[in-house]
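Coordinates from protein-v5.txt are shown below (compact mmCIF, C-alpha atoms).
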# COMPACT_ATOMS: atom_id res chain seq x y z
CA MET A 1 -145.88 83.69 12.59
CA LYS A 2 -146.19 84.35 16.34
CA MET A 3 -143.22 86.73 16.22
CA THR A 4 -144.77 88.77 13.38
CA ALA A 5 -148.04 89.07 15.29
CA SER A 6 -146.17 90.14 18.43
CA LEU A 7 -144.18 92.76 16.48
CA ASP A 8 -147.40 94.06 14.89
CA ARG A 9 -149.04 94.33 18.31
CA ILE A 10 -146.01 96.16 19.77
CA ALA A 11 -145.91 98.53 16.78
CA ASN A 12 -149.65 99.29 17.12
CA VAL A 13 -149.33 99.96 20.86
CA ALA A 14 -146.33 102.23 20.22
CA LEU A 15 -148.27 104.11 17.54
CA ILE A 16 -151.26 104.61 19.84
CA ILE A 17 -149.03 105.88 22.66
CA THR A 18 -147.22 108.24 20.27
CA CYS A 19 -150.52 109.64 18.96
CA ALA A 20 -151.78 110.15 22.52
CA VAL A 21 -148.61 112.01 23.54
CA VAL A 22 -148.65 114.23 20.43
CA THR A 23 -152.36 115.02 20.91
CA TYR A 24 -151.81 115.89 24.57
CA ALA A 25 -148.85 118.14 23.69
CA LEU A 26 -150.76 119.88 20.90
CA ILE A 27 -153.82 120.52 23.07
CA GLY A 28 -151.60 121.85 25.84
CA HIS A 29 -149.79 124.16 23.43
CA LEU A 30 -152.99 125.50 21.91
CA SER A 31 -154.57 126.16 25.28
CA ARG A 32 -151.49 128.15 26.37
CA THR A 33 -151.27 130.22 23.17
CA GLN A 34 -154.91 131.26 22.83
CA PRO A 35 -155.42 134.85 23.96
CA ASN A 36 -157.84 135.56 26.76
CA PRO A 37 -160.59 137.19 24.68
CA ASP A 38 -161.73 139.54 27.41
CA ALA A 39 -158.25 140.43 28.67
CA GLY A 40 -158.34 143.99 29.88
CA VAL A 41 -162.10 144.44 29.52
CA GLN A 42 -164.25 144.16 32.60
CA VAL A 43 -167.45 145.84 33.61
CA GLY A 44 -166.65 148.63 36.07
CA GLY A 45 -163.04 148.89 34.85
CA LYS A 46 -161.49 151.27 32.38
CA LEU A 47 -160.28 150.45 28.88
CA ASP A 48 -156.69 150.83 27.84
CA PRO A 49 -156.34 154.49 26.90
CA LEU A 50 -157.61 155.56 23.51
CA PRO A 51 -156.38 159.18 23.60
CA ALA A 52 -158.24 160.18 20.45
CA VAL A 53 -161.60 159.16 21.95
CA LYS A 54 -163.24 161.82 24.11
CA TYR A 55 -165.70 159.89 26.25
CA ASP A 56 -167.13 163.05 27.79
CA GLN A 57 -168.55 164.21 24.43
CA SER A 58 -171.66 162.11 25.00
CA GLN A 59 -173.34 160.17 27.77
CA TRP A 60 -172.32 156.82 26.22
CA THR A 61 -169.72 155.63 23.73
CA ALA A 62 -170.00 152.31 21.92
CA ILE A 63 -166.52 151.24 20.84
CA LEU A 64 -166.32 148.64 18.09
CA TYR A 65 -163.04 146.78 17.60
CA VAL A 66 -163.22 145.68 13.98
CA LYS A 67 -161.00 144.50 11.13
CA SER A 68 -161.84 144.12 7.44
CA THR A 69 -160.27 140.65 7.25
CA CYS A 70 -162.32 139.33 10.17
CA PRO A 71 -165.14 137.09 8.88
CA TYR A 72 -167.07 137.48 12.16
CA CYS A 73 -166.96 141.25 11.74
CA THR A 74 -168.44 140.94 8.26
CA ASP A 75 -171.10 138.54 9.56
CA SER A 76 -172.02 141.15 12.20
CA MET A 77 -172.45 144.12 9.87
CA GLY A 78 -176.26 143.97 10.11
CA LEU A 79 -176.00 144.59 13.85
CA TYR A 80 -173.56 147.47 13.33
CA ARG A 81 -175.85 149.04 10.72
CA SER A 82 -178.67 148.85 13.27
CA ILE A 83 -176.48 150.53 15.89
CA SER A 84 -175.68 153.25 13.33
CA ALA A 85 -179.40 153.98 13.00
CA LEU A 86 -180.31 154.07 16.71
CA PRO A 87 -182.22 157.18 17.80
CA SER A 88 -179.79 157.60 20.71
CA ARG A 89 -177.03 158.16 18.13
CA LYS A 90 -179.04 160.75 16.30
CA SER A 91 -179.82 162.58 19.57
CA GLY A 92 -176.13 162.64 20.52
CA THR A 93 -176.59 160.49 23.63
CA LEU A 94 -174.57 157.63 22.08
CA ARG A 95 -171.38 157.94 20.06
CA PHE A 96 -170.27 155.04 17.88
CA VAL A 97 -166.48 154.69 17.47
CA ALA A 98 -164.63 152.10 15.39
CA VAL A 99 -161.14 151.01 16.48
CA SER A 100 -158.87 149.00 14.20
CA THR A 101 -155.28 148.01 13.65
CA GLU A 102 -155.84 148.84 9.98
CA SER A 103 -155.48 152.30 8.50
CA ARG A 104 -158.38 154.73 8.77
CA THR A 105 -158.72 154.58 4.99
CA VAL A 106 -159.13 150.78 4.97
CA SER A 107 -161.49 150.85 7.98
CA SER A 108 -163.58 153.66 6.50
CA ALA A 109 -163.92 151.86 3.17
CA TYR A 110 -164.84 148.60 4.91
CA LEU A 111 -167.52 150.21 7.08
CA SER A 112 -168.86 152.26 4.15
CA GLN A 113 -169.04 149.13 1.99
CA HIS A 114 -171.43 147.71 4.59
CA ALA A 115 -173.35 150.99 5.12
CA VAL A 116 -172.15 151.34 8.72
CA THR A 117 -171.65 154.91 9.88
CA VAL A 118 -169.53 155.79 12.89
CA ASP A 119 -168.67 159.06 14.57
CA GLN A 120 -164.96 158.37 14.63
CA ILE A 121 -162.40 155.83 13.40
CA VAL A 122 -159.31 155.29 15.53
CA GLU A 123 -156.23 153.50 14.25
CA VAL A 124 -154.24 151.61 16.90
CA LEU A 125 -151.07 149.52 16.83
CA ALA A 126 -152.56 146.64 18.82
CA GLY A 127 -156.21 145.94 19.36
CA ARG A 128 -158.60 143.51 20.97
CA PRO A 129 -160.03 140.36 19.42
CA THR A 130 -162.50 141.26 16.71
CA PRO A 131 -165.32 141.87 16.77
CA THR A 132 -165.60 143.30 20.28
CA LEU A 133 -168.17 145.92 21.22
CA VAL A 134 -167.66 147.89 24.45
CA LEU A 135 -170.13 150.32 26.02
CA VAL A 136 -168.35 153.05 27.98
CA ASP A 137 -169.86 155.90 30.02
CA ARG A 138 -168.72 159.53 29.90
CA SER A 139 -166.07 158.79 32.54
CA GLY A 140 -164.50 156.02 30.43
CA VAL A 141 -165.83 153.24 32.66
CA VAL A 142 -166.88 150.02 30.92
CA ARG A 143 -170.59 149.40 31.50
CA ASN A 144 -170.97 146.36 29.23
CA PHE A 145 -169.12 144.46 26.52
CA TRP A 146 -169.81 141.78 23.95
CA LEU A 147 -167.29 139.53 22.24
CA GLY A 148 -167.54 137.89 18.86
CA ARG A 149 -170.37 137.33 16.45
CA GLN A 150 -173.81 137.52 18.05
CA ASP A 151 -176.83 135.38 17.23
CA ALA A 152 -180.19 137.13 16.66
CA ALA A 153 -181.08 137.07 20.37
CA GLY A 154 -177.67 138.46 21.36
CA ALA A 155 -177.88 141.20 18.73
CA GLN A 156 -181.34 142.18 19.99
CA LYS A 157 -180.06 142.38 23.58
CA ILE A 158 -177.23 144.65 22.44
CA LEU A 159 -179.62 146.91 20.53
CA ASN A 160 -181.98 147.06 23.52
CA THR A 161 -179.08 147.97 25.81
CA LEU A 162 -177.75 150.65 23.47
CA ALA A 163 -181.21 152.03 22.71
CA GLY A 164 -181.78 152.49 26.43
CA SER A 165 -178.41 154.13 26.96
Show how you would write the structure in this file as structure tokens.
Amino acid sequence: MKMTASLDRIANVALIITCAVVTYALIGHLSRTQPNPDAGVQVGGKLDPLPAVKYDQSQWTAILYVKSTCPYCTDSMGLYRSISALPSRKSGTLRFVAVSTESRTVSSAYLSQHAVTVDQIVEVLAGRPTPTLVLVDRSGVVRNFWLGRQDAAGAQKILNTLAGS
């Protein structure tokens, strides 16, 4: 009886140690493989070149990295509709450009489905995490950026920033 209890105790300790090692290894692997969400985007820096986008055509360009299969993009469509309707867009002070790894046809249909109008859709081979919204001046310098889905307060801050641009 004592030997069975000892074997059970040893087996339980071995199981706990194994679980701890596997958990540690998994967490370490996940933390190494997650992309840095703001890699390459910093206020005052320049974006990777988007040759099709002519920043000098307006004072400001809001660049939206979006993908139709991104649930956070879909959740954020109300914000993007509001950006579409900003007076600064209508006056030509602010251009709104969508960038996607999907075809222009797919991106156009997706944005249209959600009543979001943009001035230009750019198809790229590799993009940023979606959704990402970047405000760029006429020189191509990043003035602000926002990552991911925004809560109501965050969306309002974005609209205030873009309305004042």
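Straight-line separation from atom CA of A:His114 to atom CA of A:Ser82: 11.4 Å.
Take atom CA of A:Ser139 and atom CA of A:Pro51: the distance between them is 13.2 Å.
In this comparison, which uses only C-alpha atoms, the residue of A:Lys54, A:Thr74, A:Pro49, A:Asn12 approaching A:Gln113 most closely is A:Thr74.
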Take the point (-162.7, 150.2, 24.8) in the file's coordinates, draw a sphere of radius 6 Å around it, and report as a list in words every protein, DNA or RNA residue with an atom inside or on it, counting all atoms listed in the file.
-> Leu47, Ile63 and Val134 of chain A
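With distances taken over all atoms listed in the file, A:Thr117 is the one residue among A:Thr61, A:Thr117, A:Ser6, A:Asn160 lying closest to A:Met77.
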As a check of understanding: the span from atom CA of A:Leu86 to atom CA of A:Ala115 is 13.9 Å
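By chain and then residue number, the residues within 12 Å of A:Ala126 are A:Asp48, A:Pro49, A:Leu50, A:Tyr65, A:Val66, A:Lys67, A:Val99, A:Ser100, A:Thr101, A:Glu102, counting all atoms listed in the file and disregarding those fewer than 6 positions away in sequence.
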